[in-house]
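Source file: target.cif. Holds: mmCIF, C-alpha atoms.
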```
data_query
loop_
_atom_site.label_atom_id
_atom_site.label_comp_id
_atom_site.auth_asym_id
_atom_site.auth_seq_id
_atom_site.Cartn_x
_atom_site.Cartn_y
_atom_site.Cartn_z
CA MET J 45 69.50 -54.51 -14.33
CA ASN J 46 72.61 -56.11 -15.71
CA LYS J 47 74.95 -58.18 -13.66
CA ALA J 48 78.53 -57.33 -12.83
CA SER J 49 81.43 -59.30 -11.42
CA LEU J 50 83.60 -58.26 -8.50
CA GLY J 51 86.60 -59.97 -10.08
CA GLU J 52 86.18 -58.15 -13.37
CA LYS J 53 85.56 -54.81 -11.68
CA PHE J 54 88.60 -55.16 -9.43
CA SER J 55 90.70 -56.01 -12.49
CA LEU J 56 89.91 -52.52 -13.83
CA ILE J 57 91.41 -50.82 -10.79
CA HIS J 58 95.09 -49.99 -11.05
CA GLU J 59 95.59 -47.64 -8.12
CA HIS J 60 95.35 -47.78 -4.35
CA TRP J 61 92.95 -45.91 -2.05
CA ARG J 62 90.71 -44.58 -4.82
CA PRO J 63 87.26 -46.10 -4.46
CA LYS J 64 85.23 -46.87 -7.58
CA VAL J 65 81.44 -47.03 -7.58
CA VAL J 66 80.02 -50.29 -8.93
CA ALA J 67 76.42 -49.98 -7.70
CA ALA J 68 74.13 -47.20 -6.49
CA LEU J 69 70.94 -47.82 -4.54
CA ASN J 70 68.81 -46.05 -1.94
CA GLY J 71 71.23 -43.14 -1.77
CA GLN J 72 74.05 -45.53 -0.95
CA GLU J 73 76.91 -46.82 -3.04
CA MET J 74 78.84 -50.05 -3.19
CA LYS J 75 82.43 -49.13 -3.93
CA LEU J 76 85.48 -51.21 -4.63
CA VAL J 77 88.91 -50.16 -3.50
CA LYS J 78 92.37 -51.66 -3.60
CA VAL J 79 94.36 -50.83 -0.50
CA ALA J 80 98.03 -51.13 0.38
CA GLY J 81 100.01 -49.27 3.00
CA THR J 82 98.49 -46.99 5.61
CA PHE J 83 95.64 -44.52 5.15
CA PRO J 84 95.28 -41.29 7.20
CA TRP J 85 93.30 -41.21 10.42
CA HIS J 86 89.87 -39.69 9.84
CA ARG J 87 86.20 -39.91 10.79
CA HIS J 88 82.91 -39.50 8.99
CA ASP J 89 80.58 -37.33 11.06
CA SER J 90 77.38 -38.50 9.37
CA GLU J 91 78.17 -41.77 7.65
CA ASP J 92 78.67 -45.34 8.80
CA GLU J 93 81.02 -47.35 6.59
CA LEU J 94 80.97 -51.08 6.02
CA PHE J 95 84.23 -52.72 4.95
CA LEU J 96 84.12 -56.25 3.50
CA VAL J 97 87.38 -57.81 2.35
CA TRP J 98 87.10 -59.68 -0.92
CA ARG J 99 90.74 -60.71 -1.32
CA GLY J 100 93.79 -60.28 0.87
CA ARG J 101 93.95 -58.89 4.37
CA MET J 102 93.34 -55.44 5.81
CA THR J 103 93.44 -53.98 9.30
CA LEU J 104 90.84 -51.47 10.38
CA GLU J 105 92.35 -49.47 13.21
CA PHE J 106 90.35 -47.55 15.76
CA ARG J 107 92.01 -45.43 18.43
CA ASP J 108 91.46 -48.10 21.08
CA HIS J 109 91.60 -51.36 19.13
CA SER J 110 92.26 -52.88 15.74
CA VAL J 111 90.36 -55.40 13.67
CA THR J 112 92.18 -57.48 11.06
CA LEU J 113 89.90 -58.64 8.26
CA GLY J 114 90.65 -61.52 5.92
CA ALA J 115 88.66 -62.49 2.85
CA GLY J 116 84.98 -62.74 3.67
CA GLU J 117 85.27 -60.77 6.89
CA PHE J 118 83.60 -57.43 7.50
CA CYS J 119 83.29 -54.64 10.03
CA VAL J 120 81.40 -51.36 10.32
CA ALA J 121 83.20 -48.12 11.19
CA PRO J 122 80.41 -46.12 12.85
CA ARG J 123 79.90 -42.43 12.13
CA GLY J 124 81.93 -40.15 14.36
CA VAL J 125 84.54 -42.76 15.21
CA GLU J 126 88.12 -42.16 14.10
CA HIS J 127 89.63 -44.95 12.09
CA ARG J 128 92.25 -45.75 9.50
CA THR J 129 92.97 -48.72 7.29
CA THR J 130 96.28 -50.47 6.77
CA ALA J 131 97.40 -53.38 4.65
CA ASP J 132 100.85 -54.95 4.43
CA ALA J 133 100.08 -56.25 0.94
CA GLU J 134 97.44 -55.24 -1.56
CA ALA J 135 93.91 -56.18 -0.55
CA GLU J 136 90.62 -55.86 -2.42
CA VAL J 137 87.84 -54.36 -0.36
CA LEU J 138 84.13 -53.62 -0.81
CA VAL J 139 82.86 -50.48 0.90
CA PHE J 140 79.18 -49.78 1.42
CA GLU J 141 78.32 -46.23 2.43
CA PRO J 142 76.18 -43.21 1.52
CA ALA J 143 76.79 -41.77 -1.93
CA GLN J 144 79.27 -38.92 -1.96
CA THR J 145 81.01 -39.97 1.24
CA ARG J 146 84.50 -38.51 1.11
CA ASN J 147 87.01 -41.31 1.56
CA THR J 148 89.10 -39.26 3.99
CA GLY J 149 86.04 -38.00 5.90
CA ASN J 150 86.86 -34.87 7.91
CA VAL J 151 90.37 -34.71 6.47
CA VAL J 152 91.46 -33.33 3.12
CA ASP J 153 94.72 -34.92 2.09
CA ALA J 154 96.56 -34.10 -1.11
CA THR J 155 97.54 -37.71 -1.64
CA TYR J 156 94.68 -39.74 -0.23
CA THR J 157 91.50 -37.74 -0.76
CA ALA J 158 89.98 -39.32 -3.86
CA PRO J 159 87.42 -37.96 -6.30
CA ASN J 160 83.89 -39.10 -5.56
CA GLY J 161 81.42 -40.78 -7.85
CA VAL J 162 83.94 -42.46 -10.16
CA VAL J 163 81.97 -45.31 -11.73
CA ILE J 164 83.54 -48.39 -13.27
CA MET X 15 83.20 -52.42 15.96
CA ASN X 16 83.90 -56.12 15.99
CA LYS X 17 84.51 -58.11 12.87
CA ALA X 18 82.32 -60.88 11.56
CA SER X 19 82.80 -63.57 8.96
CA LEU X 20 80.42 -64.32 6.10
CA GLY X 21 81.32 -68.00 6.28
CA GLU X 22 80.59 -68.22 10.00
CA LYS X 23 77.37 -66.25 9.68
CA PHE X 24 76.12 -68.38 6.78
CA SER X 25 76.89 -71.51 8.82
CA LEU X 26 74.31 -70.32 11.36
CA ILE X 27 71.52 -70.26 8.77
CA HIS X 28 69.57 -73.50 8.42
CA GLU X 29 66.56 -72.39 6.38
CA HIS X 30 65.92 -70.96 2.93
CA TRP X 31 64.49 -67.56 2.00
CA ARG X 32 64.67 -66.08 5.50
CA PRO X 33 67.15 -63.21 5.48
CA LYS X 34 69.27 -62.59 8.56
CA VAL X 35 70.71 -59.18 9.42
CA VAL X 36 74.48 -59.15 9.93
CA ALA X 37 75.15 -55.40 9.73
CA ALA X 38 73.10 -52.22 10.07
CA LEU X 39 74.29 -48.84 8.83
CA ASN X 40 72.81 -45.61 7.55
CA GLY X 41 69.28 -47.01 7.75
CA GLN X 42 70.31 -49.92 5.55
CA GLU X 43 71.02 -53.52 6.37
CA MET X 44 73.33 -56.17 5.02
CA LYS X 45 71.44 -59.42 5.16
CA LEU X 46 72.46 -62.96 4.40
CA VAL X 47 70.07 -65.45 2.90
CA LYS X 48 70.28 -69.01 1.70
CA VAL X 49 68.12 -69.60 -1.35
CA ALA X 50 66.95 -72.75 -3.12
CA GLY X 51 63.96 -73.22 -5.39
CA THR X 52 61.78 -70.39 -6.68
CA PHE X 53 60.62 -67.32 -4.78
CA PRO X 54 57.30 -65.53 -5.53
CA TRP X 55 57.15 -62.64 -7.99
CA HIS X 56 57.06 -59.31 -6.16
CA ARG X 57 58.29 -55.73 -6.25
CA HIS X 58 59.48 -53.20 -3.69
CA ASP X 59 57.80 -49.85 -4.34
CA SER X 60 60.36 -47.79 -2.41
CA GLU X 61 63.47 -49.91 -2.08
CA ASP X 62 66.28 -50.90 -4.41
CA GLU X 63 67.82 -54.29 -3.59
CA LEU X 64 71.36 -55.37 -4.26
CA PHE X 65 72.01 -59.10 -4.58
CA LEU X 66 75.58 -60.37 -4.37
CA VAL X 67 76.19 -64.12 -4.58
CA TRP X 68 78.74 -65.41 -2.12
CA ARG X 69 78.57 -69.12 -2.95
CA GLY X 70 76.62 -71.07 -5.53
CA ARG X 71 74.45 -69.71 -8.34
CA MET X 72 71.18 -67.81 -8.38
CA THR X 73 69.01 -66.41 -11.13
CA LEU X 74 67.35 -63.04 -10.70
CA GLU X 75 64.35 -62.98 -13.02
CA PHE X 76 62.68 -59.83 -14.25
CA ARG X 77 59.55 -59.95 -16.40
CA ASP X 78 61.55 -59.28 -19.56
CA HIS X 79 64.93 -60.87 -18.86
CA SER X 80 66.89 -62.95 -16.41
CA VAL X 81 70.32 -62.56 -14.87
CA THR X 82 72.20 -65.59 -13.58
CA LEU X 83 74.69 -64.72 -10.86
CA GLY X 84 77.61 -66.90 -9.84
CA ALA X 85 79.89 -66.34 -6.87
CA GLY X 86 81.18 -62.77 -6.82
CA GLU X 87 78.53 -61.49 -9.22
CA PHE X 88 75.92 -58.93 -8.30
CA CYS X 89 72.88 -57.10 -9.65
CA VAL X 90 70.46 -54.43 -8.40
CA ALA X 91 66.70 -54.96 -8.57
CA PRO X 92 65.45 -51.37 -8.78
CA ARG X 93 62.42 -50.19 -6.81
CA GLY X 94 59.12 -50.73 -8.58
CA VAL X 95 60.42 -53.50 -10.84
CA GLU X 96 58.93 -56.96 -10.45
CA HIS X 97 61.41 -59.71 -9.88
CA ARG X 98 61.85 -63.14 -8.37
CA THR X 99 64.85 -65.28 -7.48
CA THR X 100 65.42 -68.92 -8.35
CA ALA X 101 68.21 -71.36 -7.60
CA ASP X 102 68.51 -74.98 -8.72
CA ALA X 103 70.77 -75.74 -5.77
CA GLU X 104 71.35 -73.88 -2.53
CA ALA X 105 73.14 -70.58 -2.93
CA GLU X 106 74.43 -68.12 -0.34
CA VAL X 107 73.52 -64.52 -1.08
CA LEU X 108 74.22 -61.10 0.42
CA VAL X 109 71.41 -58.55 0.19
CA PHE X 110 71.85 -54.80 0.77
CA GLU X 111 68.64 -52.88 1.22
CA PRO X 112 66.88 -50.43 3.55
CA ALA X 113 66.16 -51.75 7.03
CA GLN X 114 62.74 -53.29 7.41
CA THR X 115 62.35 -54.09 3.72
CA ARG X 116 59.86 -56.95 3.49
CA ASN X 117 61.46 -59.81 1.59
CA THR X 118 58.31 -60.39 -0.48
CA GLY X 119 57.75 -56.66 -1.11
CA ASN X 120 54.14 -55.94 -2.13
CA VAL X 121 53.15 -59.58 -1.57
CA VAL X 122 52.32 -61.30 1.69
CA ASP X 123 52.91 -65.01 1.35
CA ALA X 124 52.26 -67.50 4.12
CA THR X 125 55.34 -69.50 3.19
CA TYR X 126 57.84 -66.96 1.90
CA THR X 127 57.23 -63.72 3.79
CA ALA X 128 59.91 -63.75 6.48
CA PRO X 129 60.12 -61.87 9.76
CA ASN X 130 62.18 -58.71 9.56
CA GLY X 131 65.08 -57.63 11.69
CA VAL X 132 66.32 -61.10 12.65
CA VAL X 133 69.93 -60.54 13.62
CA ILE X 134 72.56 -63.28 13.70
#
```

In structure tokens, write the structure found in this file.
Amino acid sequence: MNKASLGEKFSLIHEHWRPKVVAALNGQEMKLVKVAGTFPWHRHDSEDELFLVWRGRMTLEFRDHSVTLGAGEFCVAPRGVEHRTTADAEAEVLVFEPAQTRNTGNVVDATYTAPNGVVI
Amino acid sequence: MNKASLGEKFSLIHEHWRPKVVAALNGQEMKLVKVAGTFPWHRHDSEDELFLVWRGRMTLEFRDHSVTLGAGEFCVAPRGVEHRTTADAEAEVLVFEPAQTRNTGNVVDATYTAPNGVVI
């Protein structure tokens, strides 16, 4: 029941595409991730994912359309729907999803699949 | 799979203490609420609640300590733990919690208990 700061938590992250857990509740986690570049296409068969941009700009691509999110903008990638994220420059993003969701979903990628449950 | 903006959604809210649903996922909801003044003491027996301040300042009081949250700061009120929220001036707050969580938890209050599931 202590408070935490998004700015301070983001300042502890020094890598891209590796989500860090900052809160756990109701079987869900709030994760912070810094993104830059292009992530692999993937889907989550059983998990919806909410992306909320805190700083910068990120595009959430679906197979049939794309959504570009600036600071304070959010979008849900529904379960079962292929998506990928891209960012021309580093962006800071909140992700809200079930605990233990694999960041690359149905894909295992040597570079992009990140360890789960890393708390900062 | 459309984006939304916190700023635009908050601009649609013209009352205090009545959460509005802006995203639903995995049985949870992201709600936005404008707060000002002091909310009743209550607890949620089965739901953890995450509070994240978007604009302004809010205090989350527990029976044994208080946590004052500024913009970009967050805190979880765990299930079963009594709490109330206070704000000297209007603050804009994101709440993550299970869908259909009653805002006043175990309390029914003629003034503060808000209808659930109001989407904006």

Selection in question (the file shown): the PyMOL selection byres ((chain J) within 7 of (chain X)). Which residues does it include, as an mmCIF file with C-alpha atoms, in the frame of the given file?
```cif
data_model
loop_
_atom_site.group_PDB
_atom_site.id
_atom_site.type_symbol
_atom_site.label_atom_id
_atom_site.label_comp_id
_atom_site.auth_asym_id
_atom_site.auth_seq_id
_atom_site.Cartn_x
_atom_site.Cartn_y
_atom_site.Cartn_z
ATOM 1 C CA MET J 45 69.500 -54.510 -14.330
ATOM 2 C CA ASN J 46 72.610 -56.110 -15.710
ATOM 3 C CA LYS J 47 74.950 -58.180 -13.660
ATOM 4 C CA ALA J 48 78.530 -57.330 -12.830
ATOM 5 C CA SER J 49 81.430 -59.300 -11.420
ATOM 6 C CA LEU J 50 83.600 -58.260 -8.500
ATOM 7 C CA GLY J 51 86.600 -59.970 -10.080
ATOM 8 C CA LEU J 69 70.940 -47.820 -4.540
ATOM 9 C CA ASN J 70 68.810 -46.050 -1.940
ATOM 10 C CA GLU J 91 78.170 -41.770 7.650
ATOM 11 C CA ASP J 92 78.670 -45.340 8.800
ATOM 12 C CA VAL J 111 90.360 -55.400 13.670
ATOM 13 C CA GLY J 116 84.980 -62.740 3.670
ATOM 14 C CA GLU J 117 85.270 -60.770 6.890
ATOM 15 C CA PHE J 118 83.600 -57.430 7.500
ATOM 16 C CA CYS J 119 83.290 -54.640 10.030
ATOM 17 C CA VAL J 120 81.400 -51.360 10.320
ATOM 18 C CA ALA J 121 83.200 -48.120 11.190
#
```

The PyMOL selection byres ((chain J and resi 75) around 6) applied to the shown file, residues as an MDAnalysis selection string:
chainID J and resid 63:66 74 76 138:139

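Computed from the coordinates, the CA of His30 in chain X to CA of Asn120 in chain X distance equals 19.7 Å.
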
As an exercise, work out the distance from CA of Ala105 in chain X to CA of Phe24 in chain X in Å and give it to one decimal place.
10.4 Å

Build an axis-aligned box that encloses every atom of range 109-121 of chain X listed in the file, pad it by 8 Å on each side, and report its centre and edge lengths in Å to one decimal, as AutoDock Vina command-line options.
```
--center_x 62.5 --center_y -55.4 --center_z 2.6 --size_x 34.7 --size_y 26.0 --size_z 25.5
```

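CA of Glu73 in chain J is positioned 15.3 Å from CA of His88 in chain J.
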
So which residues get picked by the PyMOL selection byres ((chain J and resi 148) around 9) here, written as a VMD selection string?
chain J and resid 83 to 88 145 to 147 149 to 153 156 to 158

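Closest approach to His58 in chain J among J:Arg99, J:His127, J:Lys78, J:Arg107 is made by J:Lys78 (distances from only C-alpha atoms).
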